[in-house]
file structure.cif (mmCIF, C-alpha atoms)
data_coords
loop_
_atom_site.label_atom_id
_atom_site.label_comp_id
_atom_site.auth_asym_id
_atom_site.auth_seq_id
_atom_site.Cartn_x
_atom_site.Cartn_y
_atom_site.Cartn_z
CA MET A 1 114.46 -134.37 -27.42
CA ASP A 2 113.12 -135.95 -30.51
CA PHE A 3 111.52 -133.38 -32.72
CA VAL A 4 111.02 -135.45 -35.84
CA ASN A 5 109.15 -138.31 -34.20
CA ALA A 6 107.39 -136.04 -31.73
CA LEU A 7 105.79 -134.16 -34.60
CA SER A 8 104.69 -137.16 -36.56
CA TRP A 9 101.41 -136.65 -38.39
CA VAL A 10 99.47 -138.70 -35.82
CA ASN A 11 100.70 -136.58 -32.92
CA PHE A 12 100.27 -133.35 -34.81
CA ARG A 13 96.71 -134.24 -35.78
CA PHE A 14 96.03 -135.06 -32.14
CA LEU A 15 97.33 -131.64 -31.11
CA LEU A 16 95.20 -129.97 -33.77
CA GLN A 17 92.15 -131.73 -32.33
CA GLY A 18 93.10 -130.21 -28.97
CA LEU A 19 93.52 -126.80 -30.57
CA TRP A 20 90.09 -127.15 -32.13
CA VAL A 21 88.54 -127.86 -28.69
CA THR A 22 90.37 -124.82 -27.30
CA ILE A 23 89.04 -122.58 -30.08
CA TYR A 24 85.57 -124.07 -29.93
CA VAL A 25 85.27 -123.62 -26.14
CA SER A 26 86.71 -120.10 -26.46
CA LEU A 27 84.26 -119.05 -29.16
CA ILE A 28 81.20 -120.30 -27.29
CA SER A 29 82.43 -118.69 -24.06
CA ILE A 30 83.23 -115.42 -25.80
CA ALA A 31 79.77 -115.23 -27.37
CA LEU A 32 77.89 -116.10 -24.18
CA SER A 33 79.99 -114.02 -21.81
CA PHE A 34 79.79 -111.01 -24.13
CA LEU A 35 75.99 -111.12 -24.10
CA ILE A 36 75.74 -111.70 -20.35
CA GLY A 37 78.45 -109.11 -19.70
CA LEU A 38 76.53 -106.52 -21.75
CA LEU A 39 73.40 -107.23 -19.75
CA LEU A 40 75.12 -107.13 -16.35
CA GLY A 41 77.09 -104.01 -17.25
CA THR A 42 73.91 -102.22 -18.31
CA ILE A 43 72.11 -103.29 -15.14
CA ARG A 44 74.95 -101.86 -13.05
CA TYR A 45 74.90 -98.66 -15.08
CA THR A 46 71.17 -98.07 -14.58
CA LYS A 47 71.57 -97.85 -10.79
CA THR A 48 68.26 -99.61 -10.14
CA PRO A 49 67.94 -99.49 -6.33
CA ILE A 50 68.65 -102.99 -5.00
CA ILE A 51 69.38 -104.95 -8.16
CA SER A 52 72.35 -102.89 -9.34
CA LYS A 53 74.05 -103.08 -5.96
CA LEU A 54 73.44 -106.82 -5.75
CA VAL A 55 74.73 -107.47 -9.27
CA GLY A 56 77.70 -105.21 -8.54
CA PHE A 57 78.56 -107.18 -5.42
CA ILE A 58 78.31 -110.57 -7.12
CA VAL A 59 80.39 -109.32 -10.04
CA ASP A 60 83.05 -108.01 -7.67
CA VAL A 61 83.22 -111.32 -5.80
CA VAL A 62 83.53 -113.34 -9.00
CA ARG A 63 86.07 -110.93 -10.46
CA ASN A 64 88.30 -111.26 -7.43
CA LEU A 65 88.35 -115.06 -7.34
CA PRO A 66 90.84 -117.14 -9.33
CA LEU A 67 89.28 -118.75 -12.40
CA LEU A 68 90.71 -122.07 -11.28
CA LEU A 69 88.54 -121.94 -8.17
CA ILE A 70 85.44 -121.16 -10.24
CA ILE A 71 86.23 -124.12 -12.49
CA PHE A 72 86.38 -126.34 -9.40
CA PHE A 73 83.12 -124.90 -8.11
CA THR A 74 81.23 -125.64 -11.29
CA TYR A 75 82.77 -129.07 -11.83
CA PHE A 76 82.34 -130.34 -8.27
CA GLY A 77 79.55 -128.07 -7.11
CA LEU A 78 76.94 -128.45 -9.86
CA PRO A 79 76.56 -132.23 -9.34
CA GLY A 80 75.93 -131.42 -5.67
CA ILE A 81 72.78 -129.48 -6.58
CA GLY A 82 71.65 -132.16 -8.96
CA VAL A 83 73.02 -130.89 -12.28
CA ARG A 84 75.21 -133.43 -14.01
CA VAL A 85 77.88 -131.80 -16.15
CA ASN A 86 80.73 -133.17 -18.21
CA SER A 87 84.05 -131.36 -18.34
CA LEU A 88 83.14 -129.53 -21.55
CA VAL A 89 79.94 -128.01 -20.16
CA ALA A 90 81.55 -127.33 -16.77
CA SER A 91 84.47 -125.46 -18.28
CA ILE A 92 82.23 -123.40 -20.56
CA ILE A 93 79.99 -122.49 -17.61
CA ALA A 94 83.00 -121.56 -15.47
CA LEU A 95 84.57 -119.46 -18.21
CA VAL A 96 81.27 -117.71 -18.90
CA ILE A 97 80.71 -116.91 -15.21
CA PHE A 98 84.21 -115.51 -14.79
CA GLU A 99 84.53 -113.66 -18.09
CA SER A 100 81.05 -112.14 -18.04
CA ALA A 101 81.94 -110.58 -14.69
CA MET A 102 85.14 -109.17 -16.22
CA ILE A 103 83.30 -107.98 -19.35
CA SER A 104 80.48 -106.36 -17.37
CA GLU A 105 83.13 -104.18 -15.72
CA ILE A 106 84.50 -103.19 -19.14
CA VAL A 107 80.99 -102.50 -20.41
CA ARG A 108 80.12 -100.39 -17.40
CA SER A 109 83.19 -98.20 -17.76
CA GLY A 110 82.56 -98.03 -21.52
CA ILE A 111 79.04 -96.74 -20.97
CA ASN A 112 80.25 -94.32 -18.31
CA ALA A 113 82.78 -92.96 -20.79
CA VAL A 114 79.95 -91.91 -23.13
CA ASP A 115 78.87 -88.38 -22.38
CA GLU A 116 75.70 -88.22 -20.26
CA GLY A 117 74.28 -85.67 -22.66
CA GLN A 118 73.88 -88.41 -25.25
CA MET A 119 71.45 -90.31 -23.05
CA GLU A 120 69.62 -87.14 -22.00
CA GLY A 121 69.40 -85.93 -25.58
CA ALA A 122 68.03 -89.24 -26.79
CA ARG A 123 65.51 -89.38 -23.97
CA SER A 124 64.32 -85.84 -24.55
CA ASN A 125 63.83 -86.69 -28.23
CA GLY A 126 61.17 -89.12 -27.11
CA MET A 127 63.11 -92.39 -27.04
CA ASN A 128 62.51 -94.65 -24.08
CA PHE A 129 65.43 -95.95 -22.04
CA VAL A 130 65.90 -99.17 -24.00
CA GLN A 131 65.79 -97.37 -27.36
CA ALA A 132 68.23 -94.69 -26.19
CA MET A 133 70.56 -97.36 -24.84
CA PHE A 134 70.35 -99.56 -27.91
CA TYR A 135 70.51 -96.93 -30.66
CA VAL A 136 72.50 -94.08 -29.15
CA VAL A 137 74.61 -94.93 -26.11
CA MET A 138 75.62 -98.55 -26.71
CA PRO A 139 77.05 -98.09 -30.24
CA GLN A 140 79.34 -95.33 -28.96
CA ALA A 141 80.27 -97.29 -25.84
CA LEU A 142 81.06 -100.44 -27.85
CA LEU A 143 83.36 -98.48 -30.12
CA LYS A 144 85.28 -97.23 -27.08
CA MET A 145 85.63 -100.61 -25.45
CA ILE A 146 86.50 -102.79 -28.46
CA PRO A 147 90.28 -102.85 -27.77
CA THR A 148 89.81 -103.70 -24.08
CA LEU A 149 87.21 -106.30 -24.95
CA LEU A 150 89.52 -107.98 -27.43
CA SER A 151 92.37 -108.21 -24.96
CA GLN A 152 89.91 -109.74 -22.50
CA PHE A 153 89.05 -112.31 -25.18
CA VAL A 154 92.76 -113.03 -25.62
CA SER A 155 93.03 -113.80 -21.94
CA LEU A 156 89.93 -115.99 -22.22
CA VAL A 157 91.64 -118.07 -24.90
CA LYS A 158 94.69 -118.42 -22.67
CA ASP A 159 92.53 -119.24 -19.65
CA THR A 160 90.97 -122.25 -21.37
CA SER A 161 94.26 -124.03 -20.63
CA LEU A 162 93.26 -124.07 -16.94
CA ALA A 163 90.45 -126.46 -17.80
CA THR A 164 93.09 -129.20 -18.20
CA ILE A 165 92.59 -129.79 -14.50
CA ILE A 166 89.05 -131.07 -15.05
CA ILE A 167 90.26 -133.15 -18.03
CA LEU A 168 88.85 -130.99 -20.80
CA PRO A 169 90.52 -132.47 -23.89
CA GLU A 170 91.99 -129.16 -25.06
CA LEU A 171 95.44 -128.35 -26.42
CA LEU A 172 97.50 -128.57 -23.24
CA TYR A 173 95.80 -131.79 -22.16
CA HIS A 174 96.40 -133.44 -25.52
CA ALA A 175 100.06 -132.43 -25.37
CA GLN A 176 100.30 -134.00 -21.92
CA ILE A 177 98.81 -137.23 -23.23
CA VAL A 178 101.37 -137.33 -26.05
CA TYR A 179 104.42 -136.78 -23.85
CA SER A 180 103.17 -139.09 -21.13
CA GLN A 181 103.72 -141.91 -23.63
CA ASN A 182 107.28 -140.88 -24.37
CA THR A 183 109.01 -138.36 -22.15
CA ASN A 184 111.45 -137.48 -24.94
CA TYR A 185 108.54 -135.68 -26.56
CA MET A 186 108.02 -133.35 -23.61
CA ILE A 187 110.11 -130.42 -24.82
CA PRO A 188 108.91 -130.49 -28.44
CA MET A 189 105.33 -130.73 -27.20
CA TYR A 190 105.62 -127.69 -24.95
CA LEU A 191 107.36 -125.69 -27.67
CA ILE A 192 104.76 -126.55 -30.27
CA ILE A 193 101.75 -125.83 -28.07
CA ALA A 194 103.35 -122.59 -26.88
CA ALA A 195 103.71 -121.69 -30.57
CA MET A 196 100.10 -122.66 -31.28
CA TYR A 197 98.72 -120.60 -28.40
CA PHE A 198 100.98 -117.77 -29.47
CA VAL A 199 99.71 -117.74 -33.04
CA VAL A 200 96.06 -117.72 -32.00
CA CYS A 201 96.45 -115.09 -29.28
CA PHE A 202 98.92 -112.94 -31.21
CA CYS A 203 96.55 -112.62 -34.15
CA LEU A 204 93.80 -111.51 -31.78
CA SER A 205 96.18 -109.08 -30.01
CA MET A 206 97.35 -107.64 -33.30
CA PHE A 207 93.74 -107.15 -34.35
CA ALA A 208 93.11 -105.42 -30.99
CA SER A 209 96.01 -103.02 -31.37
CA TYR A 210 95.07 -102.37 -35.02
CA LEU A 211 91.61 -101.33 -33.85
CA GLN A 212 93.15 -99.32 -31.02
CA ARG A 213 95.26 -97.35 -33.48
CA LYS A 214 92.31 -96.88 -35.79
CA PHE A 215 90.15 -95.45 -33.02
CA ASP A 216 92.94 -93.39 -31.51
CA SER A 217 93.59 -91.65 -34.80
CA ARG A 218 90.00 -90.43 -35.02
CA MET B 1 82.59 -125.29 7.54
CA TRP B 2 84.00 -123.65 10.64
CA GLU B 3 84.92 -127.08 12.00
CA LEU B 4 86.63 -127.94 8.74
CA PHE B 5 88.69 -124.78 9.04
CA ILE B 6 89.59 -125.40 12.71
CA ASN B 7 90.69 -128.96 11.97
CA ASN B 8 92.85 -127.97 9.02
CA TRP B 9 93.84 -124.40 9.78
CA GLN B 10 97.55 -125.13 9.58
CA THR B 11 97.25 -126.56 6.09
CA PHE B 12 95.24 -123.54 4.94
CA LEU B 13 97.60 -121.08 6.59
CA ILE B 14 100.67 -122.60 4.94
CA GLY B 15 98.92 -122.21 1.61
CA PHE B 16 97.90 -118.65 2.39
CA ALA B 17 101.47 -117.74 3.39
CA ASN B 18 102.88 -119.32 0.23
CA THR B 19 100.37 -117.51 -1.98
CA VAL B 20 101.20 -114.18 -0.35
CA PHE B 21 104.94 -114.84 -0.49
CA SER B 22 104.87 -115.93 -4.12
CA SER B 23 102.69 -112.96 -5.10
CA ILE B 24 104.99 -110.46 -3.43
CA LEU B 25 108.13 -112.00 -4.96
CA ALA B 26 106.48 -112.06 -8.38
CA LEU B 27 105.25 -108.50 -7.96
CA ILE B 28 108.72 -107.16 -7.17
CA GLY B 29 110.32 -109.20 -9.93
CA SER B 30 107.77 -108.29 -12.55
CA LEU B 31 107.79 -104.60 -11.61
CA VAL B 32 111.55 -104.49 -12.14
CA ILE B 33 111.56 -106.55 -15.35
CA GLY B 34 108.38 -104.96 -16.67
CA SER B 35 109.58 -101.39 -16.11
CA GLY B 36 112.88 -102.32 -17.72
CA PHE B 37 111.19 -103.54 -20.87
CA ALA B 38 108.78 -100.60 -20.84
CA ILE B 39 111.74 -98.20 -20.91
CA LEU B 40 113.43 -100.32 -23.54
CA GLU B 41 110.30 -100.08 -25.65
CA THR B 42 110.51 -96.28 -25.68
CA VAL B 43 114.24 -95.75 -26.34
CA PRO B 44 115.20 -94.15 -29.65
CA ASN B 45 117.23 -97.20 -30.75
CA LYS B 46 115.05 -99.35 -32.96
CA PHE B 47 116.86 -102.62 -32.22
CA TRP B 48 116.15 -102.50 -28.50
CA ARG B 49 112.55 -101.51 -29.15
CA ILE B 50 112.09 -104.66 -31.22
CA VAL B 51 113.77 -106.81 -28.56
CA ALA B 52 111.40 -105.45 -25.93
CA LYS B 53 108.42 -105.90 -28.23
CA ILE B 54 109.29 -109.55 -28.88
CA TYR B 55 109.70 -110.29 -25.18
CA ILE B 56 106.38 -108.65 -24.32
CA GLU B 57 104.42 -110.29 -27.11
CA ILE B 58 105.80 -113.74 -26.33
CA PHE B 59 104.91 -113.68 -22.66
CA ARG B 60 101.61 -111.90 -23.20
CA ASN B 61 100.28 -114.42 -25.68
CA ILE B 62 101.21 -117.75 -24.11
CA PRO B 63 99.05 -119.07 -21.27
CA LEU B 64 100.60 -118.69 -17.84
CA LEU B 65 100.01 -122.38 -17.20
CA VAL B 66 102.15 -123.34 -20.20
CA ILE B 67 104.93 -120.97 -19.09
CA ALA B 68 104.86 -122.38 -15.55
CA MET B 69 104.88 -125.96 -16.85
CA ILE B 70 107.86 -125.20 -19.08
CA PHE B 71 109.77 -123.91 -16.09
CA TYR B 72 108.69 -126.86 -13.98
CA LEU B 73 109.31 -129.67 -16.46
CA VAL B 74 111.59 -128.46 -19.24
CA VAL B 75 114.07 -126.12 -17.55
CA PRO B 76 115.30 -128.72 -14.99
CA GLN B 77 116.41 -130.97 -17.88
CA PHE B 78 118.86 -128.37 -19.16
CA LEU B 79 119.70 -125.69 -16.69
CA PHE B 80 119.06 -126.06 -13.00
CA LYS B 81 116.86 -127.94 -10.62
CA VAL B 82 113.77 -126.05 -9.54
CA ASN B 83 111.03 -126.92 -7.10
CA GLY B 84 107.40 -126.22 -7.86
CA PHE B 85 107.24 -123.00 -5.88
CA THR B 86 110.25 -121.48 -7.64
CA ALA B 87 109.14 -122.63 -11.08
CA GLY B 88 105.65 -121.25 -10.53
CA THR B 89 106.90 -117.95 -9.18
CA ILE B 90 109.35 -117.49 -12.06
CA GLY B 91 106.58 -118.23 -14.55
CA LEU B 92 104.27 -115.82 -12.77
CA THR B 93 106.96 -113.13 -12.76
CA LEU B 94 107.71 -113.39 -16.47
CA TYR B 95 104.04 -113.56 -17.45
CA THR B 96 103.07 -110.54 -15.32
CA SER B 97 106.13 -108.55 -16.37
CA ALA B 98 104.83 -108.46 -19.94
CA PHE B 99 101.54 -106.92 -18.78
CA ILE B 100 103.30 -104.50 -16.46
CA ALA B 101 105.60 -103.46 -19.30
CA GLU B 102 102.58 -102.61 -21.44
CA THR B 103 100.99 -100.68 -18.57
CA VAL B 104 104.12 -98.70 -17.72
CA ARG B 105 104.77 -97.99 -21.40
CA SER B 106 101.30 -96.49 -21.78
CA GLY B 107 102.15 -94.34 -18.75
CA ILE B 108 105.42 -93.18 -20.32
CA ASN B 109 103.60 -92.36 -23.56
CA ALA B 110 100.95 -90.46 -21.64
CA VAL B 111 103.55 -88.16 -20.06
CA GLY B 112 104.07 -86.41 -23.38
CA ASP B 113 107.07 -85.64 -25.54
CA GLY B 114 107.38 -82.08 -24.26
CA GLN B 115 108.60 -83.30 -20.87
CA MET B 116 111.45 -85.26 -22.43
CA GLU B 117 112.38 -82.44 -24.79
CA GLY B 118 112.28 -79.92 -21.97
CA ALA B 119 114.46 -82.06 -19.73
CA ARG B 120 116.92 -82.73 -22.56
CA SER B 121 117.19 -79.06 -23.48
CA ASN B 122 117.94 -78.31 -19.85
CA GLY B 123 121.09 -80.36 -20.24
CA MET B 124 120.00 -83.71 -18.85
CA THR B 125 121.09 -86.88 -20.60
CA TYR B 126 118.43 -89.27 -21.92
CA TRP B 127 118.70 -91.52 -18.87
CA GLN B 128 118.65 -88.64 -16.40
CA ALA B 129 115.52 -87.26 -18.04
CA MET B 130 113.95 -90.71 -17.90
CA ARG B 131 114.88 -91.27 -14.28
CA TYR B 132 114.04 -87.87 -12.82
CA VAL B 133 111.38 -86.44 -15.11
CA ILE B 134 109.49 -89.07 -17.09
CA LEU B 135 109.27 -92.12 -14.83
CA PRO B 136 108.02 -90.36 -11.67
CA GLN B 137 105.15 -88.88 -13.66
CA ALA B 138 104.49 -92.10 -15.56
CA PHE B 139 104.24 -94.19 -12.41
CA ARG B 140 101.78 -91.77 -10.86
CA ILE B 141 99.52 -92.19 -13.88
CA VAL B 142 99.68 -95.99 -13.95
CA ILE B 143 99.20 -96.75 -10.24
CA PRO B 144 95.53 -97.84 -10.61
CA PRO B 145 96.14 -100.17 -13.59
CA LEU B 146 99.26 -101.52 -11.86
CA GLY B 147 97.12 -102.31 -8.83
CA ASN B 148 94.71 -104.19 -11.06
CA GLN B 149 97.64 -106.15 -12.45
CA PHE B 150 98.59 -107.03 -8.88
CA VAL B 151 95.06 -108.31 -8.25
CA ASN B 152 95.37 -110.43 -11.41
CA LEU B 153 98.75 -111.65 -10.22
CA ILE B 154 97.33 -112.83 -6.90
CA LYS B 155 94.54 -114.66 -8.72
CA ASN B 156 96.97 -116.11 -11.25
CA SER B 157 99.21 -117.41 -8.47
CA SER B 158 96.70 -120.27 -8.25
CA VAL B 159 98.54 -121.95 -11.14
CA LEU B 160 101.16 -122.87 -8.55
CA ALA B 161 98.73 -125.68 -7.71
CA PHE B 162 99.58 -127.31 -11.05
CA VAL B 163 103.30 -127.38 -10.33
CA ALA B 164 103.12 -128.49 -6.68
CA GLY B 165 103.82 -125.02 -5.35
CA PHE B 166 102.04 -125.54 -1.99
CA ASP B 167 99.93 -122.44 -2.50
CA LEU B 168 96.39 -121.90 -1.23
CA MET B 169 94.84 -123.86 -4.08
CA TYR B 170 97.20 -126.82 -3.70
CA GLN B 171 96.74 -127.00 0.05
CA GLY B 172 92.99 -126.75 -0.47
CA ASP B 173 93.15 -129.74 -2.81
CA ILE B 174 94.92 -131.68 -0.08
CA VAL B 175 92.24 -130.82 2.47
CA ALA B 176 89.46 -131.59 -0.02
CA SER B 177 90.84 -134.99 -0.87
CA ASN B 178 91.47 -135.85 2.80
CA THR B 179 88.07 -134.80 4.12
CA PHE B 180 85.90 -135.31 1.00
CA GLU B 181 84.26 -131.97 1.85
CA THR B 182 85.03 -130.47 -1.53
CA ILE B 183 82.68 -127.51 -1.70
CA PRO B 184 83.15 -126.20 1.89
CA THR B 185 86.92 -126.39 1.38
CA TYR B 186 86.75 -124.39 -1.81
CA ILE B 187 84.49 -121.82 -0.15
CA ILE B 188 87.12 -121.35 2.56
CA ILE B 189 89.83 -120.96 -0.09
CA GLY B 190 87.65 -118.48 -1.93
CA ILE B 191 87.28 -116.40 1.22
CA PHE B 192 91.06 -116.41 1.65
CA TYR B 193 91.54 -115.14 -1.90
CA LEU B 194 88.86 -112.49 -1.42
CA ILE B 195 90.62 -111.27 1.74
CA LEU B 196 93.66 -110.58 -0.43
CA THR B 197 92.07 -109.26 -3.62
CA MET B 198 88.84 -107.51 -2.60
CA PRO B 199 90.34 -104.64 -0.51
CA LEU B 200 93.02 -104.08 -3.13
CA SER B 201 90.61 -103.85 -6.05
CA TYR B 202 88.22 -101.57 -4.13
CA TYR B 203 91.12 -99.31 -3.22
CA MET B 204 92.18 -99.16 -6.86
CA GLN B 205 88.62 -98.29 -7.93
CA HIS B 206 88.69 -95.53 -5.32
CA LEU B 207 91.98 -94.20 -6.73
CA GLU B 208 90.65 -94.36 -10.29
CA ASN B 209 87.59 -92.33 -9.36
CA LYS B 210 89.67 -89.61 -7.75
#

call {"tool": "encode", "arguments": {"input": "structure.cif", "output": "structure tokens"}}
result
Amino acid sequence: MDFVNALSWVNFRFLLQGLWVTIYVSLISIALSFLIGLLLGTIRYTKTPIISKLVGFIVDVVRNLPLLLIIFFTYFGLPGIGVRVNSLVASIIALVIFESAMISEIVRSGINAVDEGQMEGARSNGMNFVQAMFYVVMPQALLKMIPTLLSQFVSLVKDTSLATIIILPELLYHAQIVYSQNTNYMIPMYLIIAAMYFVVCFCLSMFASYLQRKFDSR
Amino acid sequence: MWELFINNWQTFLIGFANTVFSSILALIGSLVIGSGFAILETVPNKFWRIVAKIYIEIFRNIPLLVIAMIFYLVVPQFLFKVNGFTAGTIGLTLYTSAFIAETVRSGINAVGDGQMEGARSNGMTYWQAMRYVILPQAFRIVIPPLGNQFVNLIKNSSVLAFVAGFDLMYQGDIVASNTFETIPTYIIIGIFYLILTMPLSYYMQHLENK
């Protein structure tokens, strides 16, 4: 244990670089998986004959696999079909595949929670399906699912740590590099990165429960 | 792929058994610990509520991988020797217990204050009311979300691969690096995981719809 030297400015800056990669990968994955999740969730809601069932099945398979396995699939599998990916792209793709499946489930139950009359009312007022979805149903559904969505994003941030295994230079990996040079640094490193993850995720969680309270009180 | 499975079925099966074993141990452990903290979070005493809140927030907001690594690498230096399987399972238990605590607490809150007041005014103590009136109703409400937590737990047990826990993922890595058939191996592992998680999550959806 050697806290003072372990947290020298050089090491700390190195950890912050890792934290930046973690946040950066999380933000891109959150944005992409939210959009794809919205699309998939809506497709499942519409109950289009074959497509909805197919999407539903794929989503269920992806949802029930460990993220670690999906990371392996993208990292080792994509080169097999001729797509060369580095660890950054591979981990973003894996996170997006996994999280958009999770989010589509949240979106679907969010839309289902909106009263059917809303859709019928909008349609009978002359809106087409897309308009009714976009202007009437989706805003209400989004409001309902914001707390669940945010806690899903929290778990996305935590899940980026799994990408250490394909050598994504994120927070955990940088900590491992630091303490592999001096094993006395191991404990300080784990404590500090646990604290860093905690701060990032706790702020998001607090924001989620703040929104939850706000919507519950309505 | 079939040949790959036949040639290595023992390796896969050991991993499957370890994943199942670790998941069940972690489920039992986290149900007990999680329910404990859920009750603690609803007691009238403010001190214990804060203690429970701190525990839950800590384990909910730190990645499972970091928790498992701490138990694998840091704990042996101070407290006791642990092997990868134990370290991973302990990490899994603590991590999941925070989520289960939140789930059970929402169940307890959903039961409604009237139940507690009614039980208390019938002469039960706080703990009797909790044990015989509140908890049975709360657990009935939270069975579907608890099942989803169990599905997550099974999936999360794959972090045992990081700490040499000989689970499905770890054993799969061994097969993949011995045979160089990476993708077929991972497909087999995926099927194993789906055998565990798919029926469970469909059953929980069925319960939710009822």

call {"tool": "resolve_selection", "arguments": {"input": "structure.cif", "expression": "the PyMOL selection byres ((chain B) within 6 of (chain A))", "output": "list in words"}}
result
Asn61, Ile62, Pro63, Lys155 and Thr197 of chain B

call {"tool": "atom_distance", "arguments": {"input": "structure.cif", "atom1": "atom CA of B:Leu4", "atom2": "atom CA of B:Phe180"}}
result
10.7 Å

call {"tool": "atom_distance", "arguments": {"input": "structure.cif", "atom1": "atom CA of B:Leu135", "atom2": "atom CA of A:Gly110"}}
result
28.2 Å

call {"tool": "residues_around", "arguments": {"input": "structure.cif", "residues": "A:Ile92", "least_positions_apart": "5", "cutoff": "10 Å", "atoms": "all atoms listed in the file", "output": "PyMOL selection string"}}
result
chain A and resi 24-30+32-33+71+74+87+97-98+160+163

call {"tool": "residues_around", "arguments": {"input": "structure.cif", "residues": "A:Gln140", "least_positions_apart": "3", "cutoff": "9 Å", "atoms": "all atoms listed in the file", "output": "ChimeraX atom specification"}}
result
/A:110-111,114,136-137,143-145

call {"tool": "resolve_selection", "arguments": {"input": "structure.cif", "expression": "the PyMOL selection byres ((chain A and resi 18) around 7)", "output": "compact mmCIF listing (two decimals) with C-alpha atoms, in the frame of the given file"}}
result
# COMPACT_ATOMS: atom_id res chain seq x y z
CA PHE A 14 96.03 -135.06 -32.14
CA LEU A 15 97.33 -131.64 -31.11
CA LEU A 16 95.20 -129.97 -33.77
CA GLN A 17 92.15 -131.73 -32.33
CA LEU A 19 93.52 -126.80 -30.57
CA TRP A 20 90.09 -127.15 -32.13
CA VAL A 21 88.54 -127.86 -28.69
CA THR A 22 90.37 -124.82 -27.30
CA PRO A 169 90.52 -132.47 -23.89
CA GLU A 170 91.99 -129.16 -25.06
CA LEU A 171 95.44 -128.35 -26.42
CA HIS A 174 96.40 -133.44 -25.52

call {"tool": "residues_around", "arguments": {"input": "structure.cif", "residues": "B:Thr19", "least_positions_apart": "4", "cutoff": "7 Å", "atoms": "all atoms listed in the file", "output": "list in words"}}
result
Gly15, Ser23, Ser157, Asp167 and Leu168 of chain B

call {"tool": "write_last_selection", "arguments": {"input": "structure.cif", "atoms": "C-alpha atoms", "output": "PDB file, keeping the file's coordinate frame"}}
result
ATOM      1  CA  GLY B  15      98.920-122.210   1.610  1.00  0.00           C
ATOM      2  CA  SER B  23     102.690-112.960  -5.100  1.00  0.00           C
ATOM      3  CA  SER B 157      99.210-117.410  -8.470  1.00  0.00           C
ATOM      4  CA  ASP B 167      99.930-122.440  -2.500  1.00  0.00           C
ATOM      5  CA  LEU B 168      96.390-121.900  -1.230  1.00  0.00           C
TER       6      LEU B 168
END

call {"tool": "closest_residue", "arguments": {"input": "structure.cif", "among": "A:Arg84, A:Tyr173, A:Ala90, A:Ser151", "to": "B:Arg60", "atoms": "only C-alpha atoms"}}
result
A:Ser151

call {"tool": "resolve_selection", "arguments": {"input": "structure.cif", "expression": "the PyMOL selection byres ((chain B and resi 71) around 8)", "output": "list in words"}}
result
Ile67, Ala68, Met69, Ile70, Tyr72, Leu73, Val74, Val75, Pro76, Val82, Ala87, Gly88, Ile90 and Gly91 of chain B

call {"tool": "atom_distance", "arguments": {"input": "structure.cif", "atom1": "atom CA of A:Ala132", "atom2": "atom CA of A:Glu116"}}
result
11.5 Å

call {"tool": "residues_around", "arguments": {"input": "structure.cif", "residues": "A:Leu38", "least_positions_apart": "5", "cutoff": "8 Å", "atoms": "all atoms listed in the file", "output": "ChimeraX atom specification"}}
result
/A:103-104,107

call {"tool": "closest_residue", "arguments": {"input": "structure.cif", "among": "B:Met1, B:Leu194, B:Ala17, B:Leu27", "to": "B:Leu153", "atoms": "all atoms listed in the file"}}
result
B:Leu27

call {"tool": "closest_residue", "arguments": {"input": "structure.cif", "among": "B:Ile188, B:Ala138, B:Glu57, B:Ile183", "to": "A:Ser209", "atoms": "only C-alpha atoms"}}
result
B:Glu57

call {"tool": "residues_near_point", "arguments": {"input": "structure.cif", "point": "(97.4, -98.8, -7.5)", "cutoff": "10 Å", "atoms": "all atoms listed in the file", "output": "list in words"}}
result
Phe139, Arg140, Ile141, Val142, Ile143, Pro144, Pro145, Leu146, Gly147, Asn148, Gln149, Phe150, Val151, Leu200, Ser201, Tyr203, Met204, Gln205, His206, Leu207 and Glu208 of chain B

call {"tool": "write_last_selection", "arguments": {"input": "structure.cif", "atoms": "C-alpha atoms", "output": "JSON list (two decimals), in the coordinates of the input"}}
result
[["chain", "number", "residue", "atom", "x", "y", "z"],
["B", 139, "PHE", "CA", 104.24, -94.19, -12.41],
["B", 140, "ARG", "CA", 101.78, -91.77, -10.86],
["B", 141, "ILE", "CA", 99.52, -92.19, -13.88],
["B", 142, "VAL", "CA", 99.68, -95.99, -13.95],
["B", 143, "ILE", "CA", 99.20, -96.75, -10.24],
["B", 144, "PRO", "CA", 95.53, -97.84, -10.61],
["B", 145, "PRO", "CA", 96.14, -100.17, -13.59],
["B", 146, "LEU", "CA", 99.26, -101.52, -11.86],
["B", 147, "GLY", "CA", 97.12, -102.31, -8.83],
["B", 148, "ASN", "CA", 94.71, -104.19, -11.06],
["B", 149, "GLN", "CA", 97.64, -106.15, -12.45],
["B", 150, "PHE", "CA", 98.59, -107.03, -8.88],
["B", 151, "VAL", "CA", 95.06, -108.31, -8.25],
["B", 200, "LEU", "CA", 93.02, -104.08, -3.13],
["B", 201, "SER", "CA", 90.61, -103.85, -6.05],
["B", 203, "TYR", "CA", 91.12, -99.31, -3.22],
["B", 204, "MET", "CA", 92.18, -99.16, -6.86],
["B", 205, "GLN", "CA", 88.62, -98.29, -7.93],
["B", 206, "HIS", "CA", 88.69, -95.53, -5.32],
["B", 207, "LEU", "CA", 91.98, -94.20, -6.73],
["B", 208, "GLU", "CA", 90.65, -94.36, -10.29]]

call {"tool": "residues_near_point", "arguments": {"input": "structure.cif", "point": "(111.0, -101.4, -19.7)", "cutoff": "9 Å", "atoms": "all atoms listed in the file", "output": "list in words"}}
result
Val32, Ile33, Gly34, Ser35, Gly36, Phe37, Ala38, Ile39, Leu40, Glu41, Thr42, Ala52, Ile100, Ala101, Glu102, Val104 and Arg105 of chain B
